[in-house]
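Q: The following block contains the structure, expressed as structure tokens.
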Amino acid sequence: MPTRPGRCTTDMATLLWLVPALPLLGFLLLFLSAGRAPRPVSALIGVGSTALAAVFALVLAGWLLSQGSGVLRVTLWRWIATAGLQVAIGFQLDTLSLVMMLVVTFVSFLIHLYSSEFMQQDEGYSRFFAYMNLFVASMLILVLADDLLLLFLGWEGVGLCSYLLIGFWYRNPSNGYAARKAFIVTRVGDTAFMIGLLLLATHLGTLAIGPMLAGAQVQWPTGSVLPTAAAALLLGGAVGKSAQLPLQTWLPDAMAGPTPVSALIHAATMVTAGVYLIARMHALFELAPSVLLAVAAIGAATLLLAAFAALAQHDLKRILAYSTMSQIGYMFLALGVGAWSAAIFHFMTHAFFKALLFLAAGAVMMRINDEHNIFRMGGLRRELPMAFWSFLIGSASLAALPLITAGFYSKDLILWSAWNFRPGGAVLWLAGLLGALITPIYIFRAVFVVFFGAQHTRPSSRYGVRIVLPLTVLSVLALTAGFVETPHALGSISALSRLLASTLPTRELAGSAALQTVAMVIAMVLALLGIAIAWWIYGRGAAGALRASAPVRALARWWLGGWGFDWLYDQTLVQPFLWITRINRADVIDTGYGALAALGRLANGLLSQTEDGRLRRYAGWIAAGSLVAVAVAMFA
Amino acid sequence: MMLTWVILVPVIGGGVAVLAERSGTDAPRWIALAAVAIDLALIIAITVTGPAALTAASAHGPWLAETYWRWIPQLGISFRLDLDGLSLVLILLALSLTALSVMTSWKEIAERVGMFHANLLWTLAGIVGVFLALDLFLFFFFWELMLVPMYFIIALWGHERRVYAAIKFFLFTQGSGLVMLVAILALVFIHRRATGVLTFDYFALRGTPLSPRLAFWMMLGFFFAFAVKLPTVPVHSWLPDAHTEAPTAGSVLLAGVLLKTGAYGLLRFVVPLFPQAAHAFAPVAMLLGAISVLYGAALSFAQDDMKRLVAYSSVSHMGFVLLAVFAWTSLSLHGAMVEIVAHGISTGALFIVVGMLQERLHTRDLTRIGGLAAALPRLSALMTVFAIASLGLPGLGNFIGEFLILLGSFSVNRSLTIVASLGLVAAVIYALALIARALHGPERIPPQAHMPLTDVGARETTVLAVLSAAILWLGVYPRPLLDAVATGLGALQSAAGVTMTSASGSGAQRTPGSAPGGDYSGVPVRYSPHSAGPAP
């Protein structure tokens with residue numbers, strides 16, 4: 001039900017539910033067409049529905065901004081209505097969900113457009129767009145839901161689409177394995193999320209986000225058990241979906257899916273759902289300071305762990321996957337220190353530059369026979385200038401190249417917020433700084449190895465406009481999207497945080513402007529230093545000497561396997577489960593009944609032996625029986 | 001009188017089907033469909049014209065229709081049928097699944113077609129009788145009656161080990177039924193000693209004063225019979241054999257409806273007849289439920305036979321129902337009813353899909369097939385839909401059931417609820433294993449397959465489309481179902497001594513954005529008079 005009456009509001013409310021409904025309709029059409037639609041029609045439905053959703057999102061954005069601070073609500077129908085729980089299917093648009101919705105629809109549209117060319121030769125063209133549209137619909141439900149249970153529906157929906165798309169090329173069993181791993185690992189987190197829902201619904205009586213959070217603030221003192229447990233359980237869901245420690249292992253394997261999928265789902269949108277969840281539930285997390293501290297610590301640990309792991313990868317997509325993990329670590333760090341809008345800011349810039357990086361990587365790989373190993377590439381900058389410049393811009397933004405890239409501004413804001421956090425801010429800041437040094441090393445390692453040096457492969461064919469256009473638009477955004485929020489020394493713009501202020505609390509950062517400038521300069525120097533190191537090792541060819549040393553190789557092997565987490569989980573969880581299910585395949589309980597049946601048969605065998613036809617023995621039994629009967633009658 | 005016809009129509013239909021076989025093998029199929037259709041029309045007519053509306057608690061209580069005849073007055077036995085929302089929902093489920101079973105067996109069953117459909121209809125009659133009878137003697141009569149035709153369906157039209165499976169099925173259900181009969185007789189005689197009236201009437205027996213010890217043993221007698229039927233670990237082991245060896249229609253009826261008679265018995269008889277004893281027993285029963293959830297899932301994952309895999313997943317799903325019944329909160333009971341219907345649809349559908357695969361491949365062995373998605377894209381897509389429904393994806397029916405069950409049980413027994421919720425992870429593991437092994441990977445089609453493989457035809461698509469639409473509808477708009485059972489569940493709860501703060505769920509309204517906590521009227525209250533209420 002709209003908050004404000006009036007024709008315009010009603011129209012806007014209709015637009016609001018149409019935003020997720022359009023891609024859903026696209027999915028239904030493609031699903032029901034069962035692959036019989038011609039390719040152009042499939043592409044039109046797939047791309048068109050997201051394009052229209054993006055247009056509607058823009059209209060809604062214009063309207064909401066013109067309204068000042070307002071929230072648009074629309075309730076479609078009551079989903080569950082029983083004594084004890086009322087859940088409605090309804091959406092709300094505030095500034096937080098507005099930013100999410102804009103990024104999701106816009107990046108989705110660009111990636112759909114790119115896919116319509118990238119997937120051109122694939123036999124599952126229509127199926128691909130069906131899954132992608134279902135994903136976009138689920139993601140939009142996730143960010144627009146005004147009830148936590150509906151949010152959970154979107155949450156599980158994106159997980160399903162992630163599974164379907166990782167395993168899109170289903171003939172290869174290793175793709176299927178990666179897909180199942182992603183679904184199962186995130187489902188572990190989702191189960192924690194679900195138990196969190198049970199806790200919240202049981203104690204607060206509703207899952208409607210606004211009333212529920214208000215109730216929590218009234219009923220629960222800060223730091224008490226219930227909000228801490230609830231926040232910790234939701235955090236469990238968030239670390240699963242966002243591939244943070246300790247549930248991060250699925251993301252690198254998720255790269256088995258088509259590259260546009262990695263760009264959209266496993267970089268730009270779905271994996272940041274955990275960030276959104278925590279930001280959306282900030283009022284609950286603020287009641288649980290210890291959990292918030294854990295969020296920051298998990299973020300810091302993951303950003304370092306993943307950055308180091310990225311250093312050792314030789315599959316281009318896995319480098320980007322670890323970098324995604326690392327960048328989401330930054331977002332968690334920001335959330336943990338209460339820099340809510342900084343986290344959303346970094347989500348936005350990351351969505352642009354990471355989508356760009358993946359699309360550029362896909363553009364490279366599609367031209368060299370789907371080669372993933374960077375050491376079999378090389379010198380591609382001349383033959384593939386479009387991909388080269390796009391990848392370079394994305395890398396620069398990821399590396400937070402000072403002043404001219406979007407990534408610089410969002411990362412700087414996170415580092416500055418961490419510095420101002422008490423207690424432990426210095427440690428978090430240092431972790432972030434170390435990450436800021438490693439990030440340019442690993443990504444420019446890829447740049448130098450792939451695009452410079454000797455050429456090993458001959459690219460084929462050309463790019464069409466449907467690939468060029470998304471790369472161009474995302475390149476521009478990866479450079480300029482950061483100007484919405486700049487530090488003191490650089491103009492002190494705060495457009496985004498002022499927009500988000502109506503939804504997310506702001507914290508005055510205590511440090512002086514001078515101190516901020518010093519911290520900023522340190523980060524700038526580190527970024528440039530990182531690029532220089534990468535050039536020194538991989539551009540000038542010092543890598544050979546490095547590889548010659550045994551400790552380095554051992555470390556590289558360890559990092560290549562993602563610090564051994566997969567091995568650990570395999571030994572402690574997967575293998576024991578497989579072992580137990582294997583030995584109990586025949587169901588040990590059933591063997592008990594089998595034994596009972598065997599006993600019956602045995603008794604039958606024994607008794608039937610007595611029936612041997614010898615009259616003398618029968619007479620003996622009769623006599624013995626009579627004797628016993630008489631004895632019983634006499635003595636009992 | 002109308003209710004009697006609901007039972008008589010399938011009985012007569014079965015007889016006609018046998019006779020009709022002479023005029024062609026399709027005749028019994030059409031007659032079976034017609035009988036089910038007439039029954040559906042009857043039950044809808046009864047509901048619409050009945051004395052009480054479904055949602056409003058009226059002077060009639062939850063009862064929509066009743067039939068009462070004195071049958072053997074000397075022994076206090078009457079022919080008493082009563083229809084409330086619970087029975088209505090379960091009967092509708094049974095009728096729909098029977099119709100779909102007939103449609104799926106169109107090609108599978110080629111021998112003794114008339115007799116097969118007669119048995120199908122007679123099983124249906126027994127099931128409908130179980131859901132309607134409220135005289136304990138009559139109830140027991142139907143309880144046994146539905147067994148016999150099902151035994152023949154398995155033993156005559158089943159797969160390789162059909163005789164073993166049929167005998168095992170018969171022994172388990174017959175043996176446990178005997179225990180229930182003893183408990184019924186004990187209850188009746190104790191009631192006569194206390195009141196001087198010999199009666200098998202449910203309503204009369206409900207208030208029988210019992211010593212806690214006796215009540216506990218009698219409760220256990222009922223519980224045993226229903227637990228076997230449900231089934232719950234450790235008395236579940238008849239189920240994988242029976243489901244696997246039965247023909248598709250048998251598996252669908254077994255999983256879709258027959259198991260539900262166990263859940264229904266727990267709801268209708270165990271707790272309302274013996275509230276205190278059930279309360280004392282609740283932790284054990286809920287533990288069994290939680291164990292069933294995980295144990296069934298683990299076994300399901302390990303199977304190579306697709307039907308066995310699906311069969312064990314039923315054990316897992318029914319574990320949720322057991323948990324819910326013994327939590328006995330309004331939320332958990334609503335959840336149990338949704339789970340019952342959703343499981344009937346999704347698991348019934350999975351059995352149908354596996355049956356279709358077997359028709360084409362002549363095997364159900366997952367080690368010999370693979371990569372079918374390429375050859376059978378539409379069947380694969382539909383199979384995926386039901387597998388993900390089975391793993392509890394929100395938006396499909398099973399999720400609503402499992403969520404409400406967990407939510408309703410959480411306030412009663414937090415730790416067991418958390419254990420059961422691990423079943424959400426386990427369900428993903430087995431459901432995805434089924435999809436991965438059957439549909440994905442390199443294509444492997446066994447040599448004995450019926451080549452070339454044909455994707456689903458019009459008849460098969462209709463069956464599966466109806467089921468997918470139903471599971472989706474239940475997932476996004478479960479309210480008609482929730483409203484239909486609300487009054488019946490409320491009456492059961494008050495019979496067992498619960499004091500609900502709101503009469504029914506259908507009346508409560510809330511607009512999003514209203515004050516927090518203000519409308520949480522259904523704070524779970526335990527059914528025992530000396531219970532302290534929900535955990536803090």
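Residues are referred to by chain and number: the chain letter is A, B, ... according to the order shown in the structure tokens, the number counts from 1 in that chain, and ligands are numbered separately from 1 in the order shown.
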Compile the contact shell of A:Lys317 as a VMD selection string: residues with an atom at most 12 Å away, counting only C-alpha atoms, same-chain residues fewer than 2 positions apart removed.
A: chain A and resid 251 to 263 266 to 267 310 313 to 315 319 to 324 354 to 355 357 to 362 364 to 365 370 to 374 443 446
Q: Any idea what's packed within 7 Å of stretch 202-218 of chain B, counting only C-alpha atoms, ignoring anything in its chain fewer than 4 positions away? Could you give it as a PyMOL selection string?
A: chain B and resi 134-136+183+191+222+272-274+277
Q: Once you count only C-alpha atoms, what closest atom pair and distance in Å to one decimal does each residue of chain A within 6 Å of chain B have, with rows by chain and rising residue number, as a tab-separated table?
A:
```
residue	atom	partner	partner_atom	distance
A:Trp79	CA	B:Tyr477	CA	5.7
A:Thr82	CA	B:Gly505	CA	4.1
A:Ala83	CA	B:Gly505	CA	4.1
A:Gly84	CA	B:Gly522	CA	3.9
A:Leu153	CA	B:Pro394	CA	5.0
A:Tyr170	CA	B:His440	CA	5.2
A:Arg171	CA	B:Gly441	CA	4.1
A:Asn172	CA	B:Gly441	CA	5.3
A:Pro173	CA	B:Gly441	CA	4.7
A:Arg187	CA	B:Val425	CA	5.9
A:Leu198	CA	B:Leu407	CA	5.3
A:Leu204	CA	B:Gly517	CA	5.8
A:Gly205	CA	B:Tyr520	CA	5.0
A:Pro211	CA	B:Pro516	CA	4.6
A:Met212	CA	B:Pro516	CA	6.0
A:Gly215	CA	B:Pro516	CA	5.4
A:Thr581	CA	B:Ala302	CA	5.5
A:Arg585	CA	B:Ala302	CA	5.4
A:Asp590	CA	B:Ser237	CA	5.5
```
Q: Go ahead and write the residues just picked, N, CA and C atoms, as a PDB file, in the first residue's frame.
A:
```pdb
ATOM      1  N   TRP A  79       0.753 -13.386   1.667  1.00  0.00           N
ATOM      2  CA  TRP A  79       1.376 -14.650   1.281  1.00  0.00           C
ATOM      3  C   TRP A  79       0.989 -15.727   2.287  1.00  0.00           C
ATOM      4  N   THR A  82      -1.729 -16.775   8.883  1.00  0.00           N
ATOM      5  CA  THR A  82      -2.228 -17.744   9.833  1.00  0.00           C
ATOM      6  C   THR A  82      -2.038 -17.152  11.214  1.00  0.00           C
ATOM      7  N   ALA A  83      -2.783 -17.657  12.154  1.00  0.00           N
ATOM      8  CA  ALA A  83      -2.635 -17.141  13.507  1.00  0.00           C
ATOM      9  C   ALA A  83      -1.172 -17.283  13.894  1.00  0.00           C
ATOM     10  N   GLY A  84      -0.523 -16.185  14.191  1.00  0.00           N
ATOM     11  CA  GLY A  84       0.870 -16.281  14.594  1.00  0.00           C
ATOM     12  C   GLY A  84       1.836 -15.738  13.579  1.00  0.00           C
ATOM     13  N   LEU A 153      13.135 -15.524   0.011  1.00  0.00           N
ATOM     14  CA  LEU A 153      12.723 -16.143  -1.259  1.00  0.00           C
ATOM     15  C   LEU A 153      13.660 -15.705  -2.383  1.00  0.00           C
ATOM     16  N   TYR A 170      26.134 -28.670 -18.865  1.00  0.00           N
ATOM     17  CA  TYR A 170      25.941 -29.770 -17.915  1.00  0.00           C
ATOM     18  C   TYR A 170      26.641 -31.053 -18.327  1.00  0.00           C
ATOM     19  N   ARG A 171      27.148 -31.098 -19.568  1.00  0.00           N
ATOM     20  CA  ARG A 171      27.747 -32.366 -19.993  1.00  0.00           C
ATOM     21  C   ARG A 171      29.049 -32.638 -19.274  1.00  0.00           C
ATOM     22  N   ASN A 172      29.725 -31.578 -18.859  1.00  0.00           N
ATOM     23  CA  ASN A 172      30.987 -31.759 -18.160  1.00  0.00           C
ATOM     24  C   ASN A 172      30.717 -31.952 -16.663  1.00  0.00           C
ATOM     25  N   PRO A 173      31.041 -33.128 -16.126  1.00  0.00           N
ATOM     26  CA  PRO A 173      30.692 -33.396 -14.731  1.00  0.00           C
ATOM     27  C   PRO A 173      31.345 -32.429 -13.740  1.00  0.00           C
ATOM     28  N   ARG A 187      23.979 -23.082   0.989  1.00  0.00           N
ATOM     29  CA  ARG A 187      22.804 -23.542   1.739  1.00  0.00           C
ATOM     30  C   ARG A 187      23.135 -23.734   3.214  1.00  0.00           C
ATOM     31  N   LEU A 198      13.685 -17.868  12.245  1.00  0.00           N
ATOM     32  CA  LEU A 198      12.836 -18.495  13.261  1.00  0.00           C
ATOM     33  C   LEU A 198      12.932 -17.716  14.574  1.00  0.00           C
ATOM     34  N   LEU A 204       9.852 -11.586  17.910  1.00  0.00           N
ATOM     35  CA  LEU A 204       9.329 -10.274  17.554  1.00  0.00           C
ATOM     36  C   LEU A 204       7.967 -10.367  16.876  1.00  0.00           C
ATOM     37  N   GLY A 205       7.558 -11.587  16.506  1.00  0.00           N
ATOM     38  CA  GLY A 205       6.196 -11.776  16.021  1.00  0.00           C
ATOM     39  C   GLY A 205       5.963 -11.369  14.585  1.00  0.00           C
ATOM     40  N   PRO A 211       8.722  -2.957  10.881  1.00  0.00           N
ATOM     41  CA  PRO A 211       8.187  -3.239  12.222  1.00  0.00           C
ATOM     42  C   PRO A 211       9.085  -4.164  13.032  1.00  0.00           C
ATOM     43  N   MET A 212       9.697  -5.123  12.348  1.00  0.00           N
ATOM     44  CA  MET A 212      10.541  -6.065  13.077  1.00  0.00           C
ATOM     45  C   MET A 212      11.739  -5.354  13.688  1.00  0.00           C
ATOM     46  N   GLY A 215      10.683  -3.215  16.511  1.00  0.00           N
ATOM     47  CA  GLY A 215      10.427  -4.035  17.692  1.00  0.00           C
ATOM     48  C   GLY A 215      11.713  -4.455  18.367  1.00  0.00           C
ATOM     49  N   THR A 581      27.339 -42.554   4.531  1.00  0.00           N
ATOM     50  CA  THR A 581      26.219 -42.903   3.650  1.00  0.00           C
ATOM     51  C   THR A 581      26.537 -44.166   2.852  1.00  0.00           C
ATOM     52  N   ARG A 585      24.336 -47.720   3.143  1.00  0.00           N
ATOM     53  CA  ARG A 585      23.452 -47.653   1.981  1.00  0.00           C
ATOM     54  C   ARG A 585      22.285 -48.621   2.121  1.00  0.00           C
ATOM     55  N   ASP A 590      17.164 -51.814   8.690  1.00  0.00           N
ATOM     56  CA  ASP A 590      16.430 -52.842   7.955  1.00  0.00           C
ATOM     57  C   ASP A 590      17.046 -54.222   8.175  1.00  0.00           C
TER      58      ASP A 590
END
```
Q: Using only C-alpha atoms, determine which residues lie at most 8 Å from stretch 5-13 of chain B, disregarding the query and same-chain residues fewer than 6 positions distant; provide the list as an mmCIF file with N, CA and C atoms, in the first residue's frame.
A:
```
data_model
loop_
_atom_site.group_PDB
_atom_site.id
_atom_site.type_symbol
_atom_site.label_atom_id
_atom_site.label_comp_id
_atom_site.auth_asym_id
_atom_site.auth_seq_id
_atom_site.Cartn_x
_atom_site.Cartn_y
_atom_site.Cartn_z
ATOM 1 N N ILE B 31 -13.452 -45.392 -16.956
ATOM 2 C CA ILE B 31 -14.395 -45.553 -15.832
ATOM 3 C C ILE B 31 -13.763 -45.086 -14.524
ATOM 4 N N ALA B 32 -12.474 -45.397 -14.365
ATOM 5 C CA ALA B 32 -11.798 -44.949 -13.155
ATOM 6 C C ALA B 32 -11.771 -43.429 -13.099
ATOM 7 N N ALA B 35 -15.188 -42.188 -12.241
ATOM 8 C CA ALA B 35 -15.538 -42.377 -10.829
ATOM 9 C C ALA B 35 -14.897 -41.291 -9.973
ATOM 10 N N VAL B 36 -13.617 -41.015 -10.257
ATOM 11 C CA VAL B 36 -12.939 -39.975 -9.480
ATOM 12 C C VAL B 36 -13.596 -38.624 -9.721
ATOM 13 N N ILE B 38 -16.703 -37.988 -10.562
ATOM 14 C CA ILE B 38 -17.990 -37.927 -9.847
ATOM 15 C C ILE B 38 -17.752 -37.666 -8.365
ATOM 16 N N ASP B 39 -16.752 -38.354 -7.837
ATOM 17 C CA ASP B 39 -16.433 -38.180 -6.421
ATOM 18 C C ASP B 39 -16.031 -36.738 -6.125
ATOM 19 N N LEU B 42 -19.012 -34.629 -6.128
ATOM 20 C CA LEU B 42 -19.789 -34.862 -4.911
ATOM 21 C C LEU B 42 -19.220 -34.077 -3.737
ATOM 22 N N ILE B 43 -17.907 -34.213 -3.553
ATOM 23 C CA ILE B 43 -17.299 -33.618 -2.369
ATOM 24 C C ILE B 43 -17.357 -32.096 -2.460
ATOM 25 N N ALA B 118 -9.660 -51.416 -10.550
ATOM 26 C CA ALA B 118 -10.565 -51.705 -9.440
ATOM 27 C C ALA B 118 -9.806 -51.601 -8.117
ATOM 28 N N LEU B 121 -9.175 -48.035 -7.231
ATOM 29 C CA LEU B 121 -10.361 -47.338 -6.721
ATOM 30 C C LEU B 121 -10.726 -47.839 -5.319
ATOM 31 N N TRP B 122 -10.521 -49.120 -5.082
ATOM 32 C CA TRP B 122 -10.872 -49.630 -3.752
ATOM 33 C C TRP B 122 -9.902 -49.109 -2.690
ATOM 34 N N LEU B 124 -8.575 -46.234 -2.906
ATOM 35 C CA LEU B 124 -9.073 -44.874 -2.714
ATOM 36 C C LEU B 124 -10.256 -44.861 -1.759
ATOM 37 N N ALA B 125 -11.170 -45.814 -1.943
ATOM 38 C CA ALA B 125 -12.344 -45.857 -1.063
ATOM 39 C C ALA B 125 -11.909 -46.030 0.391
ATOM 40 N N GLY B 126 -10.947 -46.936 0.610
ATOM 41 C CA GLY B 126 -10.461 -47.147 1.970
ATOM 42 C C GLY B 126 -9.856 -45.877 2.542
ATOM 43 N N VAL B 128 -10.417 -42.726 1.642
ATOM 44 C CA VAL B 128 -11.457 -41.727 1.916
ATOM 45 C C VAL B 128 -12.192 -42.089 3.206
ATOM 46 N N GLY B 129 -12.443 -43.386 3.384
ATOM 47 C CA GLY B 129 -13.106 -43.818 4.606
ATOM 48 C C GLY B 129 -12.290 -43.479 5.839
#
```
Q: Step one, run DSSP on the backbone; step two, keep only residues of stretch 54-145 of chain B assigned to strand (DSSP E); then write them as number ranges by chain.
A: B: 65-72, 77-83
Q: Next, write the just-selected residues to a file, as a tab-separated table (two decimals), in the first residue's frame, keeping N, CA and C atoms as the atom set.
A:
```tsv
chain	number	residue	atom	x	y	z
B	65	ALA	N	-20.02	-31.55	7.09
B	65	ALA	CA	-21.08	-32.52	6.78
B	65	ALA	C	-20.91	-33.71	7.70
B	66	GLU	N	-22.00	-34.38	7.99
B	66	GLU	CA	-21.87	-35.59	8.79
B	66	GLU	C	-22.93	-36.61	8.39
B	67	THR	N	-22.60	-37.86	8.64
B	67	THR	CA	-23.54	-38.95	8.39
B	67	THR	C	-23.50	-39.83	9.63
B	68	TYR	N	-24.69	-40.20	10.14
B	68	TYR	CA	-24.70	-41.02	11.34
B	68	TYR	C	-25.77	-42.08	11.22
B	69	TRP	N	-25.36	-43.37	11.25
B	69	TRP	CA	-26.32	-44.47	11.30
B	69	TRP	C	-25.90	-45.40	12.41
B	70	ARG	N	-26.93	-45.98	13.07
B	70	ARG	CA	-26.58	-47.04	14.03
B	70	ARG	C	-26.25	-48.27	13.22
B	71	TRP	N	-25.12	-48.87	13.52
B	71	TRP	CA	-24.66	-50.00	12.70
B	71	TRP	C	-24.79	-51.28	13.50
B	72	ILE	N	-24.08	-51.41	14.58
B	72	ILE	CA	-24.22	-52.57	15.46
B	72	ILE	C	-24.46	-52.01	16.86
B	77	ILE	N	-21.39	-49.68	18.13
B	77	ILE	CA	-20.68	-49.32	16.89
B	77	ILE	C	-21.65	-48.60	15.96
B	78	SER	N	-21.22	-47.47	15.45
B	78	SER	CA	-22.07	-46.73	14.52
B	78	SER	C	-21.31	-46.44	13.25
B	79	PHE	N	-22.09	-46.14	12.22
B	79	PHE	CA	-21.51	-45.76	10.95
B	79	PHE	C	-21.48	-44.25	10.93
B	80	ARG	N	-20.34	-43.69	11.34
B	80	ARG	CA	-20.31	-42.26	11.56
B	80	ARG	C	-19.22	-41.64	10.69
B	81	LEU	N	-19.64	-40.77	9.77
B	81	LEU	CA	-18.68	-40.07	8.92
B	81	LEU	C	-18.82	-38.57	9.17
B	82	ASP	N	-17.69	-37.91	9.34
B	82	ASP	CA	-17.73	-36.46	9.53
B	82	ASP	C	-16.67	-35.82	8.66
B	83	LEU	N	-17.03	-34.69	8.07
B	83	LEU	CA	-16.11	-34.00	7.17
B	83	LEU	C	-15.77	-32.64	7.75
```
